[in-house]
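Okay, structure first, notes after.
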Amino acid sequence: MRIGITCYPTYGGSGVVATELGMFLTKRGHEIHFISSDLPFRLRSFRGKFFFHEVKVINYPLFEYQQSYALNLAAKMSEVITYQELDILHVHYAIPHSISAYLARQITKRPFKIITTLHGTDITVVGNEPEFLPVTQFGINESDGVTAVSNYLSEQTYKTFDINIDIKVIYNFVNTQEFTRKTNSELRKKYAPDGEKIMIHISNFRPVKRVDSIIEIFAKICEDIPSKLLLIGDGPERGKAEKMCRDLDICDHTLFLGKQTDIQDFLSISDLVICTSKTESFGLTILEAMSCGVPVLSTRVGGIPEIVENEKQGFLLDGLDIDEFALAGKTIVSNKKLQDEMSKSGMKRARDKFDAKKIIPQYEKYYREVLDR
Ligand code: GMT
């Protein structure tokens with residue numbers, strides 16, 4: 001098949017899923033055309049054959065507050081669909097990508113199918129704002145196929161919008177060959193020279209992630225257990241989080257590493273992954289952590305319980321009681337047997353249920369179904 005993939009190229013789960021999907025489909029013989037405003041970051045080190053079409057966003061003084069991204073994207077999509085003879089345009093994140101795809105369909109004469117994958121904040125945070133809602137709903141309903149990354153997200157979509165299309169749930173996936181636990185005593189020593197426990201948080205530091213709570217929980221754990229916290233990613237709440245570390249006098253224990261590419265290396269040396277999100281449609285970094293044998297400590301929200309079984313691969317807690325979270329974290333990292341069991345269980349569950357090898361064929365099958373309609 002000839003498939004166009006559009007995603008945000010920035011640091012975020014939807015871009016990762018779209019990119020990994022494209023890389024796997026390329027290896028399985030499909031012709032993949034990425035249409036995006038920049039080369040998606042996980043694609044930068046991929047040496048397989050794919051095509052990349054950059055969307056140039058035009059700034060013109062007259063536009064002032066208006067972003068022309070959606071229009072420039074539609075123009076590029078229609079060009080690629082026509083000249084590369086695409087069968088499918090698979091867009092990740094409903095807004096504005098499904099709308100641009102719809103526009104491209106009005107522009108181009110070539111028949112093709114639009115598939116929209118809903119990722120989370122396009123439904124639960126941004127897309128349901130009154131300023132976006134009718135547009136998000138329209139984009140979803142005008143797609144030929146719609147997928148959601150968890151049952152939770154599918155249910156939320158039906159609850160929030162007036163949807164007249166079946167949503168197919170296809171879970172996110174992980175490349176378990178790359179995301180596996182590799183001993184790296186040198187790296188471990190670099191961050192935890194005195195044998196401290198290593199905890200990790202990976203996100204885009206948006207308010208929904210509640211990174212301030214991660215810092216508070218870690219500070220409490222640190223009182224009893226010598227530990228280091230690796231914070232990977234960047235975003236609007238990072239400054240506040242760094243200030244909290246200064247105020248709590250834990251800067252020697254917290255390492256803000258920014259946007260990293262090979263996160264499997266950091267996961268491989270970690271003893272606990274912490275997530276305190278207010279909502280999370282899936283939690284890709286949690287799955288990637290499990291695949292690397294890292295026990296999970298997380299809020300029981302959104303689609304996370306579909307991935308993590310409480311008390312098996314980690315602890316899921318209701319609410320956000322800092323003391324309760326700290327106690328649960330300490331329980332895991334102070335008990336080697338429990339930590340090992342959770343680590344093994346996480347690796348097994350990632351391989352049994354969410355391995356890319358199992359999920360990619362589900363996308364291929366769905367593409368065929370939509371094409372045959
Ligand atoms: O978490 C974010 O704010 C980024 C967002 C994205 O679109 O990149 O993540 C969403 O999509 C990921 C990939 O499907 C999911 O793993 C995340 O759970 C989801 N984020 C939220 O629901 C908050």
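Chains: A, B, ... in order of the structure tokens. Residues: from 1 per chain. Ligands: from 1, in order shown.
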Could you list, as number ranges by chain, all protein and nucleic acid residues with an atom at most 9 Å from ligand 1, counting only C-alpha atoms and all ligand atoms?
A: 7-8, 10-18, 92-93, 117-125, 148-150, 153, 171-172, 203-209, 277-287, 302-304
Which residues are close to Asp372 of chain A, i.e. within 12 Å by only C-alpha atoms, leaving aside same-chain residues fewer than 6 positions away? Reply as a short mmCIF file (atom, residue, chain, number, x, y, z; two decimals) with N, CA, C and O atoms, in the first residue's frame.
data_model
loop_
_atom_site.label_atom_id
_atom_site.label_comp_id
_atom_site.auth_asym_id
_atom_site.auth_seq_id
_atom_site.Cartn_x
_atom_site.Cartn_y
_atom_site.Cartn_z
N ASP A 87 -2.92 5.61 -1.42
CA ASP A 87 -4.19 4.90 -1.21
C ASP A 87 -4.85 5.39 0.08
O ASP A 87 -6.07 5.44 0.20
N ILE A 88 -3.98 5.68 1.05
CA ILE A 88 -4.47 6.02 2.39
C ILE A 88 -3.71 7.22 2.93
O ILE A 88 -2.50 7.34 2.73
N PHE A 112 -9.01 8.46 -2.27
CA PHE A 112 -8.15 7.87 -1.24
C PHE A 112 -8.94 7.84 0.06
O PHE A 112 -9.99 8.48 0.18
N LYS A 113 -8.45 7.06 1.02
CA LYS A 113 -9.17 6.93 2.30
C LYS A 113 -8.44 7.71 3.39
O LYS A 113 -7.21 7.69 3.46
N ASP A 144 -12.77 8.16 6.96
CA ASP A 144 -13.29 6.86 6.50
C ASP A 144 -13.08 5.79 7.56
O ASP A 144 -13.76 4.77 7.58
N GLY A 145 -12.10 6.01 8.39
CA GLY A 145 -11.82 5.08 9.47
C GLY A 145 -11.26 5.86 10.64
O GLY A 145 -10.55 6.85 10.44
N LYS A 365 -4.53 -4.69 8.72
CA LYS A 365 -5.84 -5.31 8.49
C LYS A 365 -6.91 -4.20 8.41
O LYS A 365 -7.80 -4.25 7.55
N TYR A 366 -6.81 -3.25 9.30
CA TYR A 366 -7.79 -2.17 9.32
C TYR A 366 -7.71 -1.33 8.04
O TYR A 366 -8.73 -0.96 7.46
#
*as a PyMOL selection string, list the residues of segment 84-166 of chain A assigned to alpha helix (DSSP H) by DSSP on the backbone atoms of this structure.*
chain A and resi 97-107+121-124+133-141+151-160
* Can you list, as a PyMOL selection string, every protein, DNA or RNA residue that comes within 10 Å of Tyr69 of chain A when you count only C-alpha atoms, leaving out same-chain residues fewer than 6 positions away? -> chain A and resi 37+55-59+75+96-97+100
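Across the model, the gap from atom CA of Gly314 of chain A to atom CA of Gln339 of chain A is 8.5 Å.
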Extract the full set of strand (DSSP E) residues from segment 255-372 of chain A according to DSSP on the backbone, and format it as a list in words.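 Strand (DSSP E) members of segment 255-372 of chain A, listed: Leu255, Phe256, Leu257, Gly258, Leu272, Val273, Ile274, Cys275, Val296, Leu297, Ser298, Thr299, Gly314, Phe315, Leu316 and Leu317 of chain A.
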Keeping only N, CA, C and O atoms, write the selected residues as a JSON list (two decimals), in the first residue's frame.
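This is the output file selection29.json:
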[["chain", "number", "residue", "atom", "x", "y", "z"],
["A", 255, "LEU", "N", 17.83, 15.29, 38.12],
["A", 255, "LEU", "CA", 18.57, 15.59, 36.88],
["A", 255, "LEU", "C", 17.59, 15.87, 35.76],
["A", 255, "LEU", "O", 16.90, 14.96, 35.29],
["A", 256, "PHE", "N", 17.52, 17.12, 35.37],
["A", 256, "PHE", "CA", 16.64, 17.49, 34.26],
["A", 256, "PHE", "C", 17.45, 17.29, 32.97],
["A", 256, "PHE", "O", 18.30, 18.11, 32.63],
["A", 257, "LEU", "N", 17.18, 16.22, 32.27],
["A", 257, "LEU", "CA", 18.00, 15.87, 31.11],
["A", 257, "LEU", "C", 17.46, 16.41, 29.79],
["A", 257, "LEU", "O", 18.09, 16.26, 28.75],
["A", 258, "GLY", "N", 16.27, 17.01, 29.83],
["A", 258, "GLY", "CA", 15.70, 17.59, 28.60],
["A", 258, "GLY", "C", 15.25, 16.52, 27.62],
["A", 258, "GLY", "O", 15.05, 15.35, 27.98],
["A", 272, "LEU", "N", 12.20, 2.65, 38.93],
["A", 272, "LEU", "CA", 10.79, 3.00, 39.08],
["A", 272, "LEU", "C", 10.44, 4.12, 38.11],
["A", 272, "LEU", "O", 11.20, 5.08, 37.98],
["A", 273, "VAL", "N", 9.30, 3.98, 37.42],
["A", 273, "VAL", "CA", 8.83, 5.10, 36.58],
["A", 273, "VAL", "C", 7.63, 5.72, 37.31],
["A", 273, "VAL", "O", 6.78, 5.00, 37.84],
["A", 274, "ILE", "N", 7.61, 7.04, 37.36],
["A", 274, "ILE", "CA", 6.52, 7.70, 38.10],
["A", 274, "ILE", "C", 5.69, 8.57, 37.14],
["A", 274, "ILE", "O", 6.23, 9.35, 36.36],
["A", 275, "CYS", "N", 4.37, 8.39, 37.24],
["A", 275, "CYS", "CA", 3.44, 9.17, 36.41],
["A", 275, "CYS", "C", 2.29, 9.63, 37.30],
["A", 275, "CYS", "O", 1.68, 8.81, 37.98],
["A", 296, "VAL", "N", 6.04, 0.30, 37.73],
["A", 296, "VAL", "CA", 5.29, 1.53, 37.49],
["A", 296, "VAL", "C", 4.62, 2.02, 38.78],
["A", 296, "VAL", "O", 4.06, 1.23, 39.54],
["A", 297, "LEU", "N", 4.67, 3.33, 38.98],
["A", 297, "LEU", "CA", 3.89, 3.97, 40.05],
["A", 297, "LEU", "C", 3.09, 5.07, 39.36],
["A", 297, "LEU", "O", 3.68, 6.01, 38.82],
["A", 298, "SER", "N", 1.76, 4.91, 39.36],
["A", 298, "SER", "CA", 0.98, 5.87, 38.56],
["A", 298, "SER", "C", -0.41, 6.10, 39.15],
["A", 298, "SER", "O", -0.93, 5.29, 39.93],
["A", 299, "THR", "N", -0.99, 7.21, 38.72],
["A", 299, "THR", "CA", -2.39, 7.46, 39.02],
["A", 299, "THR", "C", -3.23, 6.46, 38.21],
["A", 299, "THR", "O", -2.85, 6.09, 37.11],
["A", 314, "GLY", "N", 3.20, -2.94, 38.91],
["A", 314, "GLY", "CA", 3.44, -1.73, 39.68],
["A", 314, "GLY", "C", 2.21, -1.41, 40.50],
["A", 314, "GLY", "O", 1.34, -2.26, 40.67],
["A", 315, "PHE", "N", 2.14, -0.18, 40.98],
["A", 315, "PHE", "CA", 0.97, 0.24, 41.77],
["A", 315, "PHE", "C", 0.24, 1.37, 41.06],
["A", 315, "PHE", "O", 0.86, 2.34, 40.61],
["A", 316, "LEU", "N", -1.09, 1.23, 40.98],
["A", 316, "LEU", "CA", -1.95, 2.30, 40.48],
["A", 316, "LEU", "C", -2.75, 2.83, 41.65],
["A", 316, "LEU", "O", -3.38, 2.04, 42.37],
["A", 317, "LEU", "N", -2.72, 4.13, 41.85],
["A", 317, "LEU", "CA", -3.41, 4.69, 43.02],
["A", 317, "LEU", "C", -4.49, 5.68, 42.60],
["A", 317, "LEU", "O", -4.30, 6.45, 41.66]]
With distances taken over only C-alpha atoms, the candidate from A:Ala356, A:Ile221, A:Ile232, A:Met244 nearest Ser291 of chain A is A:Ala356
